[in-house]
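Beneath this line is the structure, given in structure tokens, with notes to follow.
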Protein chains: 2
Amino acid sequence: MTSYIDKINLYIKSLDNDTLIGLQSIASIKTYKKGELLLRQNEVCTKSYLIISGTARKYYLNDGKEITTELFFENDLAVSFDSYTLQQPSREFIEALTAISVSVTKYQTFEDAKKKYPKLITLDLMLAEYYAMWVEKRLFEFHTMTATQRYLHILNKSPHIIQTISLTIIASYLGVSLETLSRIRAKI
Amino acid sequence: MTSYIDKINLYIKSLDNDTLIGLQSIASIKTYKKGELLLRQNEVCTKSYLIISGTARKYYLNDGKEITTELFFENDLAVSFDSYTLQQPSREFIEALTAISVSVTKYQTFEDAKKKYPKLITLDLMLAEYYAMWVEKRLFEFHTMTATQRYLHILNKSPHIIQTISLTIIASYLGVSLETLSRIRAKI
DNA sequence: TTCATTATTTGACCTAAGTCAAATTTCTTG
DNA sequence: CAAGAAATTTGACTTAGGTCAAATAATGAA
């Protein structure tokens, strides 16, 4: 499934110049400071953010507790998927975890660009497919692995997460309490 | 989000005759008996199945136990998403829970049709978006609701599930043991 | 109908992970 | 550097839900 990213990148590279320039022309660079919110709960996610540098996360509040649903690193595309797709209020926040630089594209501008450059529809399709598979995998991992296994899995597959991100956030991303994560780490 | 199905149906209705006929011409009707498998683990999901009548489910085995990941009713599109998208072996099975009638379309034939009728790419995109949002919602429910809440939720939103499907399958769909589901029901 | 098979419920006990509270450790910032 | 704040760990206890086993109930084929 990781190789699907390669396929997407290949597809982007294969685009004609016209489409590529069209795609670039609708994006603009922005920076956010650590702690800044790119999207707030109840706001409509009207923009997508391609992370150029730094890290960010997506989270929501469940009776006062933050549940991190996704972590974003270089080259990741940060959006609240359903809010973006339906252009309806988001239940999620998007927050810069470090100072970040992003390439911002407005929803409506991208929709218009798809009409002008139909090859972008296929790109959009590939991105949606990738996200669907990613969420499916996450659900699968929650069903089949214990908290310890999920931690070890992340430690293996994405050591950069453990190194750069606070345990509070990692715990909420793993779906365990901070204390449980601490005990898992002590045990290993 | 349910309304997204309406949006998809509206889009289908808005298609030009040529595209519509193209779409129909690549599908064929098939029937399966109760208990028959439309897809087995380790097979590549090379077909999509639009349920015309009857019910089906998608599941995988986790150390000997069946975990139901999706239930299919009339008008649902049954595929193992990642296997279909990547054309790689599936970890999931698709099984007819009753006698069913389905409209079958081959992956490759649909891919070819997308080239000939580009509006089908947008349809494919909408279906992928819908599935991504559906999985996201499911993950969200697992994180924020107790087993009892999930049961009540299904009872509310999809009473037909409770009426037609065995508790063993419902339990595995809710992510609880059969015994726990039985106790939840006794309590209510 | 009846017997057997399958589905569901109930009981007793166990376990992973949560909660609340307090103790440490690690960062920050004046 | 020191003091306060934030992050992490540790302890004691609780709980939702799991497991294994046995008891009922429901279904279906002869």
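Residues in the structure tokens are named by chain (A, B, ... in the order shown) and by number from 1 within that chain; ligands are numbered from 1 in the order shown.
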
Give me the residues within 12 Å of Asp6 (chain B) as a list in words, counting only C-alpha atoms (C1' of nucleotides) and dropping any in the same chain fewer than 6 places off.
-> Ile12, Lys13, Asn75, Met126, Leu127 and Tyr130 of chain B

Near DT10 (chain C), counting only C-alpha atoms (C1' of nucleotides), which residues have an atom at most 12 Å away, once you skip same-chain residues fewer than 2 positions from it, shown as a short mmCIF file (atom, residue, chain, number, x, y, z; two decimals) with N, CA, C and O atoms (P, O5', C5', C4', C3', O3' and C1' of nucleotides), in the first residue's frame?
data_model
loop_
_atom_site.label_atom_id
_atom_site.label_comp_id
_atom_site.auth_asym_id
_atom_site.auth_seq_id
_atom_site.Cartn_x
_atom_site.Cartn_y
_atom_site.Cartn_z
N GLU B 179 -21.31 -13.28 23.46
CA GLU B 179 -21.84 -13.26 24.83
C GLU B 179 -22.12 -11.83 25.29
O GLU B 179 -23.16 -11.55 25.90
N THR B 180 -21.17 -10.95 25.01
CA THR B 180 -21.37 -9.55 25.40
C THR B 180 -22.59 -8.96 24.71
O THR B 180 -23.40 -8.28 25.34
N SER B 182 -25.18 -10.53 23.69
CA SER B 182 -26.36 -11.13 24.31
C SER B 182 -26.69 -10.41 25.63
O SER B 182 -27.85 -10.13 25.92
N ARG B 183 -25.66 -10.09 26.39
CA ARG B 183 -25.87 -9.38 27.66
C ARG B 183 -26.37 -7.97 27.43
O ARG B 183 -27.21 -7.47 28.17
N ALA B 186 -29.99 -8.24 26.73
CA ALA B 186 -30.76 -8.61 27.92
C ALA B 186 -31.01 -7.39 28.80
O ALA B 186 -32.08 -7.22 29.39
P DT C 8 -28.60 -16.04 16.90
"O5'" DT C 8 -28.79 -16.30 18.47
"C5'" DT C 8 -30.11 -16.51 18.95
"C4'" DT C 8 -30.06 -16.67 20.45
"C3'" DT C 8 -29.39 -15.51 21.19
"O3'" DT C 8 -30.42 -14.90 21.98
"C1'" DT C 8 -28.70 -17.61 22.04
P DA C 12 -22.91 -17.98 39.19
"O5'" DA C 12 -21.36 -18.20 38.86
"C5'" DA C 12 -20.90 -19.45 38.32
"C4'" DA C 12 -19.40 -19.35 38.12
"C3'" DA C 12 -18.70 -18.45 39.13
"O3'" DA C 12 -17.45 -19.04 39.47
"C1'" DA C 12 -18.32 -17.63 36.96
P DA D 21 -13.47 -24.84 28.70
"O5'" DA D 21 -14.87 -25.01 29.44
"C5'" DA D 21 -15.03 -24.48 30.75
"C4'" DA D 21 -16.49 -24.61 31.16
"C3'" DA D 21 -17.21 -25.80 30.51
"O3'" DA D 21 -18.02 -26.43 31.48
"C1'" DA D 21 -18.40 -23.83 30.08
P DA D 22 -18.72 -27.84 31.24
"O5'" DA D 22 -20.25 -27.53 31.55
"C5'" DA D 22 -20.56 -26.70 32.66
"C4'" DA D 22 -21.91 -26.07 32.42
"C3'" DA D 22 -22.98 -27.05 31.94
"O3'" DA D 22 -24.12 -26.91 32.76
"C1'" DA D 22 -22.95 -25.13 30.58
P DA D 23 -25.40 -27.82 32.54
"O5'" DA D 23 -26.50 -26.76 32.12
"C5'" DA D 23 -26.71 -25.62 32.96
"C4'" DA D 23 -27.67 -24.69 32.26
"C3'" DA D 23 -28.98 -25.34 31.84
"O3'" DA D 23 -30.03 -24.41 32.08
"C1'" DA D 23 -27.95 -24.36 29.97
P DT D 24 -31.48 -25.00 32.43
"O5'" DT D 24 -32.40 -24.25 31.39
"C5'" DT D 24 -32.08 -24.39 30.03
"C4'" DT D 24 -32.43 -23.12 29.30
"C3'" DT D 24 -33.70 -23.29 28.51
"O3'" DT D 24 -34.33 -22.04 28.37
"C1'" DT D 24 -31.87 -23.09 27.05
#

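DSSP, applied to the backbone of this structure, assigns strand (DSSP E) to the following residues of region 81-173 of chain A: Phe93, Ile94, Glu95, Ala96, Ile100, Ser101, Val102, Ser103, Val104, Thr105 and Lys106 of chain A.
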
Sorted per-residue table, region 7-96 of chain B near region 155-164 of chain B, closest atoms and distance, 10 Å, only C-alpha atoms, as a Markdown table:
| residue | atom | partner | partner_atom | distance |
| --- | --- | --- | --- | --- |
| B:Thr55 | CA | B:Thr164 | CA | 8.8 |
| B:Leu71 | CA | B:Ile161 | CA | 8.2 |
| B:Phe72 | CA | B:Ile161 | CA | 9.7 |
| B:Phe73 | CA | B:Ile161 | CA | 9.2 |

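Distance-wise, CA of Lys58 (chain A) and CA of Leu39 (chain A) end up 8.8 Å apart.
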
Distance query Thr144 (chain A) at most 12 Å, only C-alpha atoms (C1' of nucleotides), self and fewer than 4 positions along chain excluded, as a VMD selection string = (chain A and resid 137 to 140 148 to 150) or (chain B and resid 60 to 67 175)

Could you list, as an mmCIF file with N, CA, C and O atoms (P, O5', C5', C4', C3', O3' and C1' of nucleotides), in the first residue's frame, every residue of chain D that has an atom within 12 Å of an atom of chain B, counting only C-alpha atoms (C1' of nucleotides)?
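Everything below was put into selection.cif:
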data_model
loop_
_atom_site.group_PDB
_atom_site.id
_atom_site.type_symbol
_atom_site.label_atom_id
_atom_site.label_comp_id
_atom_site.auth_asym_id
_atom_site.auth_seq_id
_atom_site.Cartn_x
_atom_site.Cartn_y
_atom_site.Cartn_z
ATOM 1 P P DA D 16 -18.237 -0.210 33.241
ATOM 2 O "O5'" DA D 16 -18.053 -0.462 31.685
ATOM 3 C "C5'" DA D 16 -17.041 0.253 30.978
ATOM 4 C "C4'" DA D 16 -16.416 -0.660 29.945
ATOM 5 C "C3'" DA D 16 -17.421 -1.475 29.141
ATOM 6 O "O3'" DA D 16 -17.030 -1.399 27.773
ATOM 7 C "C1'" DA D 16 -15.863 -2.935 30.228
ATOM 8 P P DG D 17 -17.938 -1.966 26.638
ATOM 9 O "O5'" DG D 17 -17.285 -3.397 26.435
ATOM 10 C "C5'" DG D 17 -15.893 -3.473 26.143
ATOM 11 C "C4'" DG D 17 -15.411 -4.885 26.365
ATOM 12 C "C3'" DG D 17 -16.268 -5.973 25.709
ATOM 13 O "O3'" DG D 17 -15.432 -6.671 24.813
ATOM 14 C "C1'" DG D 17 -15.652 -6.571 27.903
ATOM 15 P P DG D 18 -15.731 -7.979 24.056
ATOM 16 O "O5'" DG D 18 -14.748 -9.000 24.788
ATOM 17 C "C5'" DG D 18 -13.341 -8.748 24.735
ATOM 18 C "C4'" DG D 18 -12.592 -9.925 25.311
ATOM 19 C "C3'" DG D 18 -12.977 -11.267 24.693
ATOM 20 O "O3'" DG D 18 -11.812 -12.043 24.413
ATOM 21 C "C1'" DG D 18 -13.416 -11.292 27.030
ATOM 22 P P DT D 19 -11.983 -13.437 23.694
ATOM 23 O "O5'" DT D 19 -12.022 -14.502 24.880
ATOM 24 C "C5'" DT D 19 -10.999 -14.500 25.871
ATOM 25 C "C4'" DT D 19 -11.236 -15.669 26.802
ATOM 26 C "C3'" DT D 19 -11.687 -16.945 26.083
ATOM 27 O "O3'" DT D 19 -10.914 -18.028 26.585
ATOM 28 C "C1'" DT D 19 -13.207 -16.402 27.820
ATOM 29 P P DC D 20 -10.842 -19.424 25.793
ATOM 30 O "O5'" DC D 20 -11.585 -20.429 26.783
ATOM 31 C "C5'" DC D 20 -11.336 -20.330 28.193
ATOM 32 C "C4'" DC D 20 -12.414 -21.080 28.941
ATOM 33 C "C3'" DC D 20 -12.967 -22.303 28.192
ATOM 34 O "O3'" DC D 20 -13.044 -23.365 29.120
ATOM 35 C "C1'" DC D 20 -14.722 -20.908 28.857
#

Region 20-30 of chain C: which residues within 10 Å, counting only C-alpha atoms (C1' of nucleotides), same-chain residues fewer than 4 positions away excluded, as a compact mmCIF listing (two decimals) with N, CA and C atoms (P, O5', C5', C4', C3', O3' and C1' of nucleotides), in the first residue's frame?
# COMPACT_ATOMS: atom_id res chain seq x y z
P DA D 2 21.49 26.85 41.08
O5' DA D 2 20.04 27.48 40.99
C5' DA D 2 19.85 28.86 41.27
C4' DA D 2 18.37 29.15 41.23
C3' DA D 2 17.50 28.14 41.98
O3' DA D 2 16.45 28.85 42.61
C1' DA D 2 16.90 28.14 39.67
P DA D 3 15.41 28.13 43.58
O5' DA D 3 14.06 28.40 42.78
C5' DA D 3 13.76 29.72 42.33
C4' DA D 3 12.48 29.66 41.53
C3' DA D 3 11.40 28.80 42.18
O3' DA D 3 10.17 29.44 41.97
C1' DA D 3 11.97 27.89 40.07
P DG D 4 8.78 28.91 42.59
O5' DG D 4 7.98 28.61 41.26
C5' DG D 4 8.00 29.58 40.21
C4' DG D 4 7.54 28.92 38.93
C3' DG D 4 6.26 28.11 39.10
O3' DG D 4 5.37 28.54 38.08
C1' DG D 4 7.94 26.80 38.03
P DA D 5 3.88 27.96 37.91
O5' DA D 5 4.05 27.12 36.58
C5' DA D 5 4.71 27.72 35.46
C4' DA D 5 4.85 26.68 34.37
C3' DA D 5 3.61 25.81 34.19
O3' DA D 5 3.32 25.78 32.81
C1' DA D 5 5.53 24.45 34.53
P DA D 6 2.06 24.95 32.25
O5' DA D 6 2.76 23.67 31.60
C5' DA D 6 3.84 23.86 30.68
C4' DA D 6 4.45 22.52 30.37
C3' DA D 6 3.43 21.44 30.00
O3' DA D 6 3.85 20.86 28.79
C1' DA D 6 4.87 20.66 31.71
P DA D 7 3.10 19.59 28.16
O5' DA D 7 4.06 18.39 28.60
C5' DA D 7 5.41 18.40 28.16
C4' DA D 7 6.08 17.13 28.65
C3' DA D 7 5.35 15.85 28.24
O3' DA D 7 6.33 14.96 27.72
C1' DA D 7 5.66 15.89 30.59
P DT D 8 5.95 13.50 27.20
O5' DT D 8 6.17 12.63 28.51
C5' DT D 8 7.49 12.51 29.02
C4' DT D 8 7.45 11.67 30.27
C3' DT D 8 6.83 10.28 30.11
O3' DT D 8 7.88 9.34 30.28
C1' DT D 8 6.18 11.33 32.14
P DT D 9 7.60 7.76 30.30
O5' DT D 9 7.40 7.51 31.86
C5' DT D 9 8.44 7.88 32.76
C4' DT D 9 8.04 7.55 34.17
C3' DT D 9 7.62 6.10 34.42
O3' DT D 9 8.46 5.59 35.44
C1' DT D 9 6.07 7.61 35.40
P DT D 10 8.45 4.04 35.83
O5' DT D 10 7.48 3.98 37.09
C5' DT D 10 7.76 4.81 38.22
C4' DT D 10 6.63 4.70 39.21
C3' DT D 10 6.07 3.28 39.42
O3' DT D 10 6.24 2.98 40.80
C1' DT D 10 4.32 4.87 39.19
P DG D 11 5.80 1.58 41.43
O5' DG D 11 4.38 1.91 42.08
C5' DG D 11 4.26 3.05 42.93
C4' DG D 11 2.86 3.11 43.52
C3' DG D 11 2.19 1.75 43.73
O3' DG D 11 1.55 1.78 45.00
C1' DG D 11 0.79 3.11 42.41
P DA D 12 0.87 0.47 45.64
O5' DA D 12 -0.67 0.84 45.56
C5' DA D 12 -1.14 2.12 45.99
C4' DA D 12 -2.64 2.18 45.78
C3' DA D 12 -3.36 0.84 46.00
O3' DA D 12 -4.61 1.10 46.61
C1' DA D 12 -3.76 1.58 43.80
P DC D 13 -5.60 -0.12 47.02
O5' DC D 13 -6.76 0.03 45.94
C5' DC D 13 -7.43 1.30 45.81
C4' DC D 13 -8.21 1.29 44.53
C3' DC D 13 -9.18 0.11 44.39
O3' DC D 13 -10.50 0.64 44.32
C1' DC D 13 -8.01 0.55 42.37

What residues in chain B have any atom no more than 8 Å from chain A when counting only C-alpha atoms, and can you write them as a PyMOL selection string?
-> chain B and resi 1+4+62+81-82+85-86+121-122+124-125+128-129+131-133+135-136+139+143-144+175

Distance-based interface of chain C with chain A, 10 Å, counting only C-alpha atoms (C1' of nucleotides), as a ChimeraX atom specification | /C:16-19

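Picture a line from CA of Thr109 (chain B) to CA of Ile26 (chain B); it runs 6.8 Å.
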
Atom pair C1' of DT27 (chain D) + CA of Ile165 (chain B), distance 14.8 Å

From the DSSP assignment of the backbone, select every residue of chain B that is alpha helix (DSSP H), and format the answer as JSON, numbers by chain.
-> {"B": [3, 4, 5, 6, 7, 8, 9, 10, 11, 12, 13, 14, 17, 18, 19, 20, 21, 22, 23, 24, 25, 81, 82, 83, 84, 85, 86, 107, 108, 109, 110, 111, 112, 113, 114, 115, 116, 119, 120, 121, 122, 123, 124, 125, 126, 127, 128, 129, 130, 131, 132, 133, 134, 135, 136, 137, 138, 139, 140, 141, 142, 143, 144, 147, 148, 149, 150, 151, 152, 153, 154, 155, 156, 157, 159, 160, 161, 162, 163, 164, 167, 168, 169, 170, 171, 172, 173, 174, 178, 179, 180, 181, 182, 183, 184, 185, 186, 187]}
